[in-house]
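Colleague: Sharing upload_20.tsv, TSV, C-alpha atoms:
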```tsv
chain	number	residue	atom	x	y	z
A	1	MET	CA	143.83	171.75	-8.52
A	2	SER	CA	147.46	171.35	-9.54
A	3	TRP	CA	148.28	169.41	-6.40
A	4	SER	CA	145.30	167.10	-6.81
A	5	SER	CA	146.18	166.18	-10.41
A	6	THR	CA	149.80	165.54	-9.46
A	7	ALA	CA	148.76	163.29	-6.59
A	8	HIS	CA	146.40	161.36	-8.87
A	9	ARG	CA	149.14	160.79	-11.46
A	10	ARG	CA	151.56	159.66	-8.73
A	11	SER	CA	148.96	157.17	-7.39
A	12	THR	CA	148.31	155.76	-10.88
A	13	ALA	CA	152.00	155.28	-11.54
A	14	THR	CA	152.43	153.46	-8.23
A	15	VAL	CA	149.63	151.00	-9.11
A	16	ALA	CA	151.12	150.42	-12.56
A	17	ASP	CA	154.59	149.81	-11.13
A	18	ASN	CA	153.28	147.39	-8.49
A	19	PRO	CA	150.61	145.17	-10.13
A	20	PRO	CA	148.53	142.86	-7.82
A	21	PRO	CA	149.92	139.37	-7.39
A	22	LEU	CA	148.50	136.68	-9.79
A	23	ARG	CA	146.12	134.09	-8.31
A	24	PRO	CA	147.23	130.49	-8.63
A	25	ARG	CA	145.46	128.48	-11.40
A	26	ARG	CA	142.68	126.14	-10.41
A	27	PRO	CA	143.54	122.46	-10.89
A	28	GLY	CA	140.85	122.11	-13.56
A	29	LEU	CA	142.53	124.72	-15.73
A	30	ASP	CA	146.01	123.22	-15.68
A	31	PRO	CA	147.20	122.07	-19.09
A	32	ALA	CA	146.80	118.32	-19.80
A	33	PRO	CA	150.00	116.30	-19.62
A	34	ASN	CA	151.42	115.17	-22.93
A	35	PRO	CA	150.95	111.39	-23.49
A	36	ARG	CA	154.03	109.35	-23.95
A	37	PRO	CA	154.83	108.52	-27.57
A	38	ILE	CA	154.72	104.77	-26.88
A	39	PHE	CA	151.01	104.97	-25.85
A	40	GLN	CA	150.14	106.97	-28.95
A	41	VAL	CA	151.73	104.33	-31.14
A	42	LEU	CA	149.97	101.55	-29.22
A	43	ALA	CA	146.55	103.20	-29.56
A	44	PHE	CA	147.04	103.73	-33.29
A	45	GLY	CA	148.07	100.06	-33.67
A	46	LEU	CA	144.91	98.87	-31.90
A	47	ILE	CA	142.72	100.98	-34.15
A	48	VAL	CA	144.40	99.52	-37.24
A	49	ALA	CA	144.10	95.97	-35.85
A	50	PHE	CA	140.37	96.30	-35.16
A	51	GLY	CA	139.88	97.76	-38.59
A	52	LEU	CA	141.59	94.80	-40.21
A	53	LEU	CA	139.38	92.39	-38.21
A	54	GLN	CA	136.37	93.80	-40.03
A	55	LEU	CA	137.80	92.42	-43.28
A	56	ARG	CA	137.79	88.82	-42.01
A	57	PRO	CA	134.88	86.55	-43.09
A	58	VAL	CA	132.00	86.12	-40.64
A	59	THR	CA	132.15	82.87	-38.63
A	60	HIS	CA	129.44	83.38	-35.96
A	61	VAL	CA	126.42	85.63	-35.69
A	62	ARG	CA	123.88	86.52	-33.03
A	63	ASP	CA	120.40	87.23	-34.32
A	64	PRO	CA	118.99	90.33	-32.56
A	65	SER	CA	115.52	88.73	-32.66
A	66	ASP	CA	116.68	85.60	-30.84
A	67	PRO	CA	115.28	85.77	-27.27
A	68	PHE	CA	118.27	83.78	-25.96
A	69	ARG	CA	120.92	85.93	-27.71
A	70	LYS	CA	123.17	82.96	-28.42
A	71	TRP	CA	126.07	82.87	-30.88
A	72	VAL	CA	125.57	80.38	-33.70
A	73	GLN	CA	127.78	79.36	-36.58
A	74	PHE	CA	127.13	81.32	-39.73
A	75	GLN	CA	126.13	79.20	-42.74
A	76	PRO	CA	125.83	81.53	-45.74
A	77	ASN	CA	124.89	78.77	-48.19
A	78	SER	CA	122.32	77.08	-45.99
A	79	SER	CA	118.61	77.76	-46.03
A	80	SER	CA	118.65	77.16	-42.28
A	81	SER	CA	120.96	80.10	-41.64
A	82	PRO	CA	120.44	81.65	-38.22
A	83	LEU	CA	119.55	84.88	-39.98
A	84	THR	CA	116.39	83.22	-41.22
A	85	SER	CA	115.71	81.32	-38.03
A	86	ARG	CA	115.27	83.06	-34.72
A	87	PHE	CA	115.52	80.01	-32.52
A	88	ILE	CA	118.52	77.82	-31.82
A	89	LYS	CA	118.25	74.43	-33.48
A	90	SER	CA	119.73	71.41	-31.78
A	91	ASP	CA	118.57	68.89	-34.37
A	92	GLU	CA	118.67	68.96	-38.15
A	93	ARG	CA	114.91	68.38	-38.22
A	94	GLU	CA	114.21	71.54	-36.26
A	95	ASP	CA	113.34	74.46	-38.47
A	96	GLY	CA	113.36	77.32	-35.98
A	97	MET	CA	109.57	77.33	-35.61
A	98	VAL	CA	107.54	76.80	-32.44
A	99	HIS	CA	105.24	73.89	-33.28
A	100	ILE	CA	101.96	73.66	-31.34
A	101	VAL	CA	100.07	70.36	-31.69
A	102	SER	CA	96.55	69.68	-30.47
A	103	TRP	CA	94.00	66.87	-30.84
A	104	MET	CA	90.21	67.27	-30.79
A	105	GLU	CA	87.87	64.29	-30.79
A	106	THR	CA	84.67	66.32	-31.23
A	107	LEU	CA	85.15	69.27	-33.52
A	108	ASP	CA	84.52	72.72	-32.07
A	109	LEU	CA	86.33	75.43	-34.00
A	110	ARG	CA	85.75	77.93	-31.19
A	111	LEU	CA	88.11	76.03	-28.94
A	112	LEU	CA	90.80	75.93	-31.61
A	113	ALA	CA	90.31	79.65	-32.23
A	114	VAL	CA	90.74	80.36	-28.51
A	115	LEU	CA	93.88	78.22	-28.37
A	116	ALA	CA	95.39	79.85	-31.45
A	117	ASN	CA	94.48	83.42	-30.53
A	118	SER	CA	95.68	83.18	-26.91
A	119	THR	CA	98.95	81.58	-28.03
A	120	LEU	CA	99.63	84.17	-30.73
A	121	SER	CA	98.65	87.08	-28.47
A	122	SER	CA	101.00	85.93	-25.71
A	123	SER	CA	103.93	85.12	-28.00
A	124	ARG	CA	106.71	87.58	-28.64
A	125	TYR	CA	107.23	86.07	-32.10
A	126	PRO	CA	103.77	85.08	-33.42
A	127	ASP	CA	105.10	84.73	-36.98
A	128	LEU	CA	107.23	81.78	-35.80
A	129	VAL	CA	104.34	79.83	-34.23
A	130	SER	CA	103.02	76.93	-36.30
A	131	PHE	CA	99.81	75.08	-35.43
A	132	HIS	CA	99.04	71.44	-36.24
A	133	PHE	CA	95.41	70.61	-35.41
A	134	PHE	CA	94.22	67.00	-35.58
A	135	ILE	CA	90.46	67.02	-36.18
A	136	PRO	CA	88.04	64.20	-37.08
A	137	GLN	CA	87.72	64.93	-40.82
A	138	GLY	CA	91.24	66.24	-41.25
A	139	ASN	CA	92.35	67.29	-44.72
A	140	GLU	CA	88.90	66.60	-46.13
A	141	ASP	CA	87.40	69.34	-43.95
A	142	LYS	CA	88.41	72.28	-46.12
A	143	VAL	CA	85.67	74.49	-44.68
A	144	SER	CA	87.12	74.34	-41.16
A	145	PHE	CA	90.57	75.15	-42.48
A	146	TYR	CA	89.40	78.20	-44.42
A	147	LYS	CA	87.35	79.48	-41.49
A	148	LEU	CA	90.40	79.42	-39.26
A	149	LYS	CA	92.51	81.05	-41.97
A	150	VAL	CA	89.99	83.88	-42.23
A	151	LEU	CA	90.45	84.53	-38.51
A	152	PHE	CA	94.23	84.08	-38.64
A	153	PRO	CA	95.25	85.01	-42.19
A	154	HIS	CA	98.95	85.38	-41.41
A	155	SER	CA	99.31	82.33	-39.19
A	156	ASN	CA	101.10	79.07	-39.95
A	157	LEU	CA	98.24	76.61	-39.62
A	158	GLU	CA	97.76	73.00	-40.67
A	159	ILE	CA	94.71	70.73	-40.39
A	160	ARG	CA	95.40	67.00	-40.22
A	161	GLY	CA	93.27	63.89	-40.00
A	162	GLN	CA	93.18	61.51	-37.05
A	163	GLU	CA	92.76	58.15	-38.69
A	164	GLU	CA	96.47	57.46	-39.26
A	165	VAL	CA	97.27	58.11	-35.60
A	166	LYS	CA	94.30	56.04	-34.42
A	167	GLU	CA	95.37	53.19	-36.65
A	168	ARG	CA	98.83	53.20	-35.09
A	169	VAL	CA	97.28	53.05	-31.63
A	170	ARG	CA	94.97	50.21	-32.66
A	171	SER	CA	97.91	48.35	-34.12
A	172	ALA	CA	99.87	48.79	-30.90
A	173	ILE	CA	97.04	47.41	-28.72
A	174	SER	CA	95.93	44.64	-31.09
A	175	GLY	CA	95.86	41.25	-29.43
A	176	THR	CA	95.36	42.75	-25.97
A	177	HIS	CA	92.31	43.28	-23.81
A	178	TYR	CA	93.05	46.96	-23.61
A	179	ASP	CA	90.41	49.24	-25.08
A	180	VAL	CA	91.19	52.87	-25.82
A	181	SER	CA	87.94	54.81	-25.75
A	182	ASP	CA	89.61	58.21	-25.46
A	183	PHE	CA	92.52	58.57	-27.85
A	184	GLU	CA	93.27	62.08	-26.61
A	185	GLU	CA	95.19	60.79	-23.60
A	186	VAL	CA	97.52	58.56	-25.63
A	187	VAL	CA	98.09	60.36	-28.93
A	188	PRO	CA	100.65	62.94	-27.68
A	189	PHE	CA	103.13	60.09	-27.29
A	190	ILE	CA	102.54	58.47	-30.66
A	191	MET	CA	101.67	61.27	-33.09
A	192	HIS	CA	105.38	61.97	-33.66
A	193	ASP	CA	105.31	58.94	-35.99
A	194	VAL	CA	102.99	60.98	-38.20
A	195	LEU	CA	104.76	64.31	-37.71
A	196	GLN	CA	108.17	62.90	-38.57
A	197	SER	CA	109.48	66.22	-39.80
A	198	LEU	CA	109.21	67.77	-36.35
A	199	GLY	CA	111.95	67.73	-33.74
A	200	LYS	CA	110.63	69.50	-30.67
A	201	PHE	CA	106.96	70.35	-30.34
A	202	ILE	CA	104.49	71.45	-27.67
A	203	TYR	CA	101.32	69.45	-27.16
A	204	VAL	CA	98.40	71.48	-25.77
A	205	SER	CA	94.93	70.21	-24.94
A	206	PRO	CA	92.30	72.02	-27.03
A	207	ASN	CA	90.47	73.51	-24.02
A	208	VAL	CA	93.52	75.41	-22.75
A	209	ILE	CA	94.15	79.15	-22.87
A	210	VAL	CA	97.87	79.87	-23.26
A	211	LYS	CA	99.06	82.94	-21.36
A	212	GLY	CA	102.80	82.20	-21.36
A	213	LYS	CA	105.34	82.70	-24.12
A	214	VAL	CA	105.65	79.43	-26.01
A	215	GLU	CA	109.07	80.41	-27.38
A	216	GLN	CA	110.40	80.29	-23.83
A	217	LEU	CA	108.86	76.86	-23.32
A	218	ILE	CA	110.31	75.44	-26.54
A	219	GLY	CA	113.72	76.72	-25.44
A	220	VAL	CA	113.77	74.56	-22.30
A	221	ASP	CA	116.77	72.23	-22.29
A	222	LEU	CA	115.41	68.70	-21.94
A	223	GLY	CA	118.82	67.18	-21.30
A	224	HIS	CA	118.50	63.41	-21.71
A	225	HIS	CA	114.70	63.49	-21.32
A	226	ALA	CA	112.22	63.23	-24.15
A	227	ILE	CA	109.26	64.78	-22.31
A	228	ALA	CA	108.77	67.72	-20.00
A	229	ALA	CA	105.63	68.40	-17.97
A	230	ALA	CA	104.59	70.39	-14.94
A	231	GLU	CA	103.78	68.46	-11.77
A	232	ASP	CA	100.24	68.39	-10.43
A	233	CYS	CA	100.57	67.81	-6.70
A	234	SER	CA	96.82	67.81	-6.18
A	235	LYS	CA	97.10	64.25	-7.50
A	236	ARG	CA	99.45	61.80	-5.80
A	237	LEU	CA	100.65	58.36	-6.82
A	238	ASN	CA	99.22	56.66	-3.72
A	239	SER	CA	95.77	58.05	-4.55
A	240	TYR	CA	95.56	55.62	-7.48
A	241	PHE	CA	97.91	52.72	-6.71
A	242	ASN	CA	98.88	50.49	-3.82
A	243	LEU	CA	102.50	51.41	-3.11
A	244	ASP	CA	103.26	47.98	-1.61
A	245	VAL	CA	102.22	46.37	-4.89
A	246	LEU	CA	104.21	48.87	-6.96
A	247	ASN	CA	107.37	48.38	-4.93
A	248	ALA	CA	106.98	44.59	-5.07
A	249	ILE	CA	106.86	44.91	-8.86
A	250	GLN	CA	109.83	47.28	-8.73
A	251	ARG	CA	111.94	44.69	-6.91
A	252	SER	CA	111.04	41.78	-9.17
A	253	ALA	CA	110.32	43.08	-12.69
A	254	ALA	CA	113.28	43.97	-14.89
A	255	MET	CA	111.50	46.17	-17.40
A	256	PRO	CA	112.96	49.42	-18.78
A	257	TRP	CA	109.83	51.34	-17.77
A	258	VAL	CA	109.96	50.16	-14.15
A	259	SER	CA	111.72	52.53	-11.78
A	260	GLU	CA	115.20	51.56	-10.61
A	261	THR	CA	114.38	52.98	-7.17
A	262	PRO	CA	111.35	52.35	-4.92
A	263	TYR	CA	108.24	54.35	-5.74
A	264	ILE	CA	107.48	57.29	-3.47
A	265	LYS	CA	103.88	57.41	-2.33
A	266	SER	CA	103.73	61.21	-2.24
A	267	SER	CA	104.97	61.60	-5.82
A	268	CYS	CA	103.03	64.15	-7.83
A	269	LEU	CA	101.56	63.21	-11.19
A	270	PRO	CA	102.53	64.98	-14.43
A	271	ASP	CA	100.03	67.38	-15.96
A	272	LEU	CA	99.24	66.02	-19.41
A	273	ASN	CA	97.51	69.17	-20.69
A	274	VAL	CA	100.76	70.87	-21.72
A	275	LEU	CA	103.72	68.74	-22.77
A	276	LEU	CA	107.07	69.59	-24.31
A	277	ILE	CA	108.15	66.63	-26.44
A	278	ASP	CA	111.39	65.92	-28.28
A	279	ALA	CA	110.35	63.39	-30.91
A	280	SER	CA	113.94	62.35	-31.60
A	281	ARG	CA	114.34	61.12	-28.01
A	282	LEU	CA	110.88	59.68	-27.49
A	283	GLU	CA	111.14	55.95	-26.85
A	284	LYS	CA	109.16	53.55	-29.00
A	285	ASN	CA	108.09	51.45	-26.02
A	286	PHE	CA	105.75	53.97	-24.43
A	287	ILE	CA	102.52	52.28	-25.55
A	288	PRO	CA	103.88	48.82	-24.57
A	289	ALA	CA	104.71	50.30	-21.16
A	290	VAL	CA	101.14	51.54	-20.69
A	291	LEU	CA	99.75	48.18	-21.79
A	292	TRP	CA	102.14	46.29	-19.50
A	293	TRP	CA	101.22	48.32	-16.42
A	294	SER	CA	97.51	47.99	-17.21
A	295	LYS	CA	97.86	44.20	-17.44
A	296	VAL	CA	100.06	43.76	-14.38
A	297	LEU	CA	97.81	45.95	-12.22
A	298	ASN	CA	94.66	44.43	-13.77
A	299	LEU	CA	93.25	47.82	-14.75
A	300	ASN	CA	91.74	46.77	-18.10
A	301	GLY	CA	91.79	50.24	-19.61
A	302	ARG	CA	90.49	52.10	-16.57
A	303	THR	CA	92.15	55.19	-15.09
A	304	ILE	CA	94.24	55.82	-18.19
A	305	LYS	CA	95.84	59.07	-16.94
A	306	PRO	CA	97.38	57.52	-13.80
A	307	VAL	CA	98.73	54.62	-15.89
A	308	ILE	CA	100.38	57.10	-18.25
A	309	ALA	CA	101.82	58.89	-15.22
A	310	LEU	CA	103.17	55.58	-13.97
A	311	ALA	CA	104.80	54.90	-17.33
A	312	LEU	CA	106.39	58.36	-17.13
A	313	TYR	CA	107.59	58.00	-13.54
A	314	SER	CA	111.08	59.54	-13.21
A	315	ARG	CA	111.31	59.67	-17.00
A	316	TYR	CA	110.28	63.28	-17.63
A	317	LEU	CA	111.69	66.71	-16.90
A	318	LYS	CA	109.70	68.86	-14.48
A	319	LEU	CA	108.61	72.16	-15.97
A	320	PRO	CA	108.32	75.30	-13.79
A	321	ALA	CA	105.16	75.34	-11.66
A	322	SER	CA	103.88	78.32	-13.65
A	323	TRP	CA	103.20	75.96	-16.58
A	324	LEU	CA	100.85	73.82	-14.50
A	325	VAL	CA	97.41	74.26	-16.06
A	326	LYS	CA	95.02	75.93	-13.62
A	327	ASP	CA	91.27	76.44	-13.50
A	328	PRO	CA	89.85	79.99	-13.60
A	329	SER	CA	88.60	79.44	-10.03
A	330	SER	CA	92.10	78.68	-8.72
A	331	SER	CA	93.73	81.14	-6.30
A	332	GLU	CA	96.90	80.91	-8.45
A	333	PHE	CA	95.02	81.75	-11.62
A	334	ASN	CA	96.96	84.97	-12.31
A	335	LYS	CA	100.34	83.24	-11.90
A	336	SER	CA	99.64	80.41	-14.34
A	337	MET	CA	100.92	80.35	-17.92
A	338	ALA	CA	98.02	78.12	-19.01
A	339	ILE	CA	94.34	78.09	-18.02
A	340	ARG	CA	91.98	75.15	-18.45
A	341	TYR	CA	88.29	75.72	-18.96
A	342	ALA	CA	85.45	73.23	-19.25
A	343	ARG	CA	84.55	72.63	-22.83
A	344	PRO	CA	81.47	74.68	-23.67
A	345	LYS	CA	78.26	72.79	-24.24
A	346	VAL	CA	75.62	73.73	-26.78
A	347	VAL	CA	72.50	74.89	-24.95
A	348	PHE	CA	69.30	75.46	-26.92
A	349	GLY	CA	66.78	78.16	-26.09
A	350	ASP	CA	63.11	77.64	-25.31
A	351	SER	CA	62.23	77.71	-28.99
A	352	GLY	CA	64.78	75.01	-29.71
A	353	SER	CA	66.39	77.01	-32.49
A	354	ASP	CA	68.77	79.46	-30.80
A	355	ALA	CA	71.93	77.71	-29.58
A	356	THR	CA	74.56	79.19	-27.30
A	357	LEU	CA	77.75	77.87	-25.77
A	358	GLN	CA	77.96	77.65	-21.99
A	359	SER	CA	80.83	76.55	-19.76
A	360	ASP	CA	81.15	75.68	-16.09
A	361	HIS	CA	83.08	78.91	-15.58
A	362	GLY	CA	80.78	81.11	-17.63
A	363	ASN	CA	82.03	82.84	-20.73
A	364	PHE	CA	85.54	83.49	-19.47
A	365	TRP	CA	86.98	81.67	-22.48
A	366	SER	CA	85.04	83.80	-24.99
A	367	GLN	CA	87.16	86.91	-24.32
A	368	PHE	CA	90.01	85.11	-26.09
A	369	LEU	CA	88.02	84.69	-29.30
A	370	PRO	CA	89.12	86.93	-32.19
A	371	PRO	CA	86.61	89.53	-33.47
A	372	LEU	CA	83.83	88.18	-35.69
A	373	SER	CA	84.52	84.60	-34.52
A	374	GLU	CA	80.90	83.82	-33.72
A	375	ARG	CA	79.75	84.92	-37.15
A	376	ILE	CA	82.53	83.14	-39.07
A	377	LEU	CA	82.77	79.90	-37.13
A	378	SER	CA	79.06	79.31	-36.68
A	379	GLY	CA	78.22	80.02	-40.29
```
As structure tokens, please, write out the structure in this file.

Modeller:
Amino acid sequence: MSWSSTAHRRSTATVADNPPPLRPRRPGLDPAPNPRPIFQVLAFGLIVAFGLLQLRPVTHVRDPSDPFRKWVQFQPNSSSSPLTSRFIKSDEREDGMVHIVSWMETLDLRLLAVLANSTLSSSRYPDLVSFHFFIPQGNEDKVSFYKLKVLFPHSNLEIRGQEEVKERVRSAISGTHYDVSDFEEVVPFIMHDVLQSLGKFIYVSPNVIVKGKVEQLIGVDLGHHAIAAAEDCSKRLNSYFNLDVLNAIQRSAAMPWVSETPYIKSSCLPDLNVLLIDASRLEKNFIPAVLWWSKVLNLNGRTIKPVIALALYSRYLKLPASWLVKDPSSSEFNKSMAIRYARPKVVFGDSGSDATLQSDHGNFWSQFLPPLSERILSG
């Protein structure tokens, strides 16, 4: 027992006198190098400099609600400050709103409700959409206005009369043999004289369902153009006019609305159902151009849409194909930003008292009516 204890003590002393070698430190546990004093001073100076920049007055801002995220000059004393307007204004008449204009010869509030509801539902900023509806009775039709306001209580909506616009068209064609039986085709290019407070606006036919975001459309840069429209290549220039006659006119007539280059027979026609118009750039000679072409080609008021397309030849900006208005039966229906439907007709039942609205494409359009529309608008 004495030998065993002595051996154990000798073994313990040997271990204590010869400790195991230390393992090298892992790289991750090495102490961080001390930064040089010059970098510490530089970092502190940058922090102070950025802090002092915060004390300078604001010169430009970027509204977080602006879909284009552009820097604009800050105007603290102006009512048109970018903080109160979410869209970039390129003209002093623009107020930051998206103005939608439509014209209806025969009043049907259901169509206007579909147009308004589809536009507001598709828009990212519905509170900035403003509607201007031209209807037969205009301001005198208070009932129609209040019915629409019941459906859209928070919307910016205006009802206007048509007589002033019609009178301007009649004045423009007085003394000619031209007869305008359908004002709807011409008024988009002349109603800016009535809506003088507007800069840019979007004209939409009343029987169109808007699926695209109108704030993106209003933001299109028109450049030097006054009008933008999608091209409808299902309709070609040579389907309506003799290209030899057009090019003979092009070589001989020195009119501002005649193309400087020969007309191309395969040119597509603009779709007039959705138009982006800059009123400040719109030329005053549009109606004279339509009248001149009608007289030279001896059309006498026929085929008004092709004549308008001829007056617009090479004078409009082409919108993306997605803004070409399609029919519900089209194979590209789901890709279109705007859908056209045949205006519903009133069909009476066998008793002659119950009336319903029917369209060529069924009741597709009715799904875009707000709740309670039938009860409110038919009452």

Colleague: Please determine, counting all atoms listed in the file, which residue among A:Leu120, A:Leu275, A:Ile159, A:Val220 has the shortest atom-to-atom distance to A:Met104.

Modeller: A:Ile159

Colleague: Just give me the gap between atom CA of A:Val245 and atom CA of A:Pro270 in Å, one decimal is fine.

Modeller: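 According to the coordinates, atom CA of A:Val245 and atom CA of A:Pro270 are separated by 20.9 Å.
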
Colleague: Would you pick out the contacts of stretch 316-325 of chain A at 8 Å or less, using only C-alpha atoms, so that residues sharing its chain but fewer than 3 positions from it are not included, and give the list as JSON, numbers by chain?

Modeller: {"A": [208, 212, 222, 225, 226, 227, 228, 229, 230, 231, 232, 271, 273, 274, 312, 313, 335, 336, 337, 338, 339, 340]}

Colleague: Find the spatial neighbours of A:Ser329, counting only C-alpha atoms, within a cut-off of 10 Å - ignore same-chain residues fewer than 3 positions away - and output them as a list in words.

Modeller: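 In the requested form, the answer reads Lys326, Glu332, Phe333, Ile339, Tyr341 and His361 of chain A.
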
Colleague: Go ahead and compute the interatomic distance for atom CA of A:Lys166 and atom CA of A:Val187, in Å to one decimal.

Modeller: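 Spanning atom CA of A:Lys166 to atom CA of A:Val187 is a straight-line distance of 7.9 Å.
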
Colleague: Counting all atoms listed in the file, give me one row per residue of stretch 162-242 of chain A with an atom at most 9 Å from an atom of stretch 128-137 of chain A, showing the shortest contact pair and its distance in Å to one decimal, sorted by chain then residue number, as JSON lines.

Modeller:
```
{"residue": "A:Gln162", "atom": "CA", "partner": "A:Phe134", "partner_atom": "CA", "distance": 5.8}
{"residue": "A:Glu163", "atom": "CA", "partner": "A:Pro136", "partner_atom": "CA", "distance": 7.8}
{"residue": "A:Val214", "atom": "CA", "partner": "A:Val129", "partner_atom": "CA", "distance": 8.3}
{"residue": "A:Glu215", "atom": "CA", "partner": "A:Val129", "partner_atom": "CA", "distance": 8.3}
```

Colleague: What are the nearest atom pairs, with distances in Å to one decimal, for all residues of stretch 185-228 of chain A that come at most 10 Å from stretch 284-303 of chain A, using only C-alpha atoms, set out by chain and rising residue number as a Markdown table?

Modeller:
```
| residue | atom | partner | partner_atom | distance |
| --- | --- | --- | --- | --- |
| A:Val186 | CA | A:Ile287 | CA | 8.0 |
| A:Val187 | CA | A:Ile287 | CA | 9.8 |
| A:Phe189 | CA | A:Phe286 | CA | 7.2 |
| A:Ile190 | CA | A:Ile287 | CA | 8.0 |
| A:Asp193 | CA | A:Lys284 | CA | 9.6 |
```

Colleague: So how many Å separate atom CA of A:Lys265 and atom CA of A:Lys305, to one decimal?

Modeller: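 Spanning atom CA of A:Lys265 to atom CA of A:Lys305 is a straight-line distance of 16.8 Å.
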
Colleague: Nearest residue to A:Ala342 out of A:Met255, A:Asn363, A:Leu310, A:Leu217, using all atoms listed in the file?

Modeller: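 Using all atoms listed in the file, A:Ala342 sits closest to A:Asn363.
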
Colleague: Rank A:Val101, A:Pro33, A:Cys268, A:Leu151 by their smallest atom-to-atom distance to A:Arg375, using only C-alpha atoms, and report the top residue only.

Modeller: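 Ranked by minimum distance to A:Arg375, first place goes to A:Leu151.
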
Colleague: From the set A:Ser122, A:Ser102, A:Asn238, A:Asn117, which residue has the shortest atom-to-atom contact distance to A:Gly161, counting only C-alpha atoms?

Modeller: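 Nearest candidate to A:Gly161 out of A:Ser122, A:Ser102, A:Asn238, A:Asn117: A:Ser102.
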
Colleague: Which residues, written as JSON, numbers by chain, have at least one atom at most 12 Å from A:Ser373, with only C-alpha atoms counted and residues fewer than 3 positions away on the same chain left out?

Modeller: {"A": [109, 110, 111, 112, 113, 114, 117, 147, 148, 149, 150, 151, 152, 366, 367, 368, 369, 370, 376, 377, 378, 379]}

Colleague: Kindly indicate which residue among A:Pro188, A:Pro306, A:Pro328, A:Gly223 lies nearest to A:Ser239, using all atoms listed in the file for the distances.

Modeller: A:Pro306

Colleague: Between A:Lys211, A:Tyr263, A:Leu157, A:Ile47, single out the one closest to A:Leu243, counting only C-alpha atoms.

Modeller: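 That would be A:Tyr263, the residue with the smallest distance to A:Leu243.
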
Colleague: Take stretch 33-37 of chain A from the preceding structure and save all heavy atoms as an mmCIF file, in the first residue's frame.

Modeller:
```cif
data_model
loop_
_atom_site.group_PDB
_atom_site.id
_atom_site.type_symbol
_atom_site.label_atom_id
_atom_site.label_comp_id
_atom_site.auth_asym_id
_atom_site.auth_seq_id
_atom_site.Cartn_x
_atom_site.Cartn_y
_atom_site.Cartn_z
ATOM 1 N N PRO A 33 -7.578 42.869 -35.544
ATOM 2 C CA PRO A 33 -6.510 43.871 -35.617
ATOM 3 C C PRO A 33 -7.028 45.250 -35.251
ATOM 4 O O PRO A 33 -8.177 45.587 -35.507
ATOM 5 C CB PRO A 33 -6.082 43.822 -37.079
ATOM 6 C CG PRO A 33 -7.281 43.315 -37.810
ATOM 7 C CD PRO A 33 -7.958 42.369 -36.880
ATOM 8 N N ASN A 34 -6.238 46.035 -34.655
ATOM 9 C CA ASN A 34 -6.616 47.406 -34.284
ATOM 10 C C ASN A 34 -6.623 48.296 -35.526
ATOM 11 O O ASN A 34 -5.658 48.295 -36.298
ATOM 12 C CB ASN A 34 -5.628 47.976 -33.268
ATOM 13 C CG ASN A 34 -5.716 47.249 -31.939
ATOM 14 O OD1 ASN A 34 -6.799 46.836 -31.523
ATOM 15 N ND2 ASN A 34 -4.573 47.092 -31.267
ATOM 16 N N PRO A 35 -7.763 49.020 -35.775
ATOM 17 C CA PRO A 35 -7.798 49.917 -36.944
ATOM 18 C C PRO A 35 -6.808 51.061 -36.775
ATOM 19 O O PRO A 35 -6.522 51.501 -35.665
ATOM 20 C CB PRO A 35 -9.238 50.434 -36.949
ATOM 21 C CG PRO A 35 -9.703 50.304 -35.538
ATOM 22 C CD PRO A 35 -8.996 49.097 -34.984
ATOM 23 N N ARG A 36 -6.391 51.538 -37.905
ATOM 24 C CA ARG A 36 -5.455 52.657 -37.857
ATOM 25 C C ARG A 36 -6.180 53.923 -37.397
ATOM 26 O O ARG A 36 -7.353 54.135 -37.739
ATOM 27 C CB ARG A 36 -4.839 52.887 -39.226
ATOM 28 C CG ARG A 36 -3.981 51.723 -39.700
ATOM 29 C CD ARG A 36 -3.359 52.035 -41.046
ATOM 30 N NE ARG A 36 -2.515 50.926 -41.500
ATOM 31 C CZ ARG A 36 -1.838 50.936 -42.651
ATOM 32 N NH1 ARG A 36 -1.923 52.003 -43.447
ATOM 33 N NH2 ARG A 36 -1.099 49.898 -42.983
ATOM 34 N N PRO A 37 -5.537 54.756 -36.683
ATOM 35 C CA PRO A 37 -6.198 55.984 -36.180
ATOM 36 C C PRO A 37 -6.765 56.854 -37.283
ATOM 37 O O PRO A 37 -7.814 57.492 -37.106
ATOM 38 C CB PRO A 37 -5.075 56.696 -35.416
ATOM 39 C CG PRO A 37 -4.127 55.604 -35.027
ATOM 40 C CD PRO A 37 -4.173 54.597 -36.140
#
```
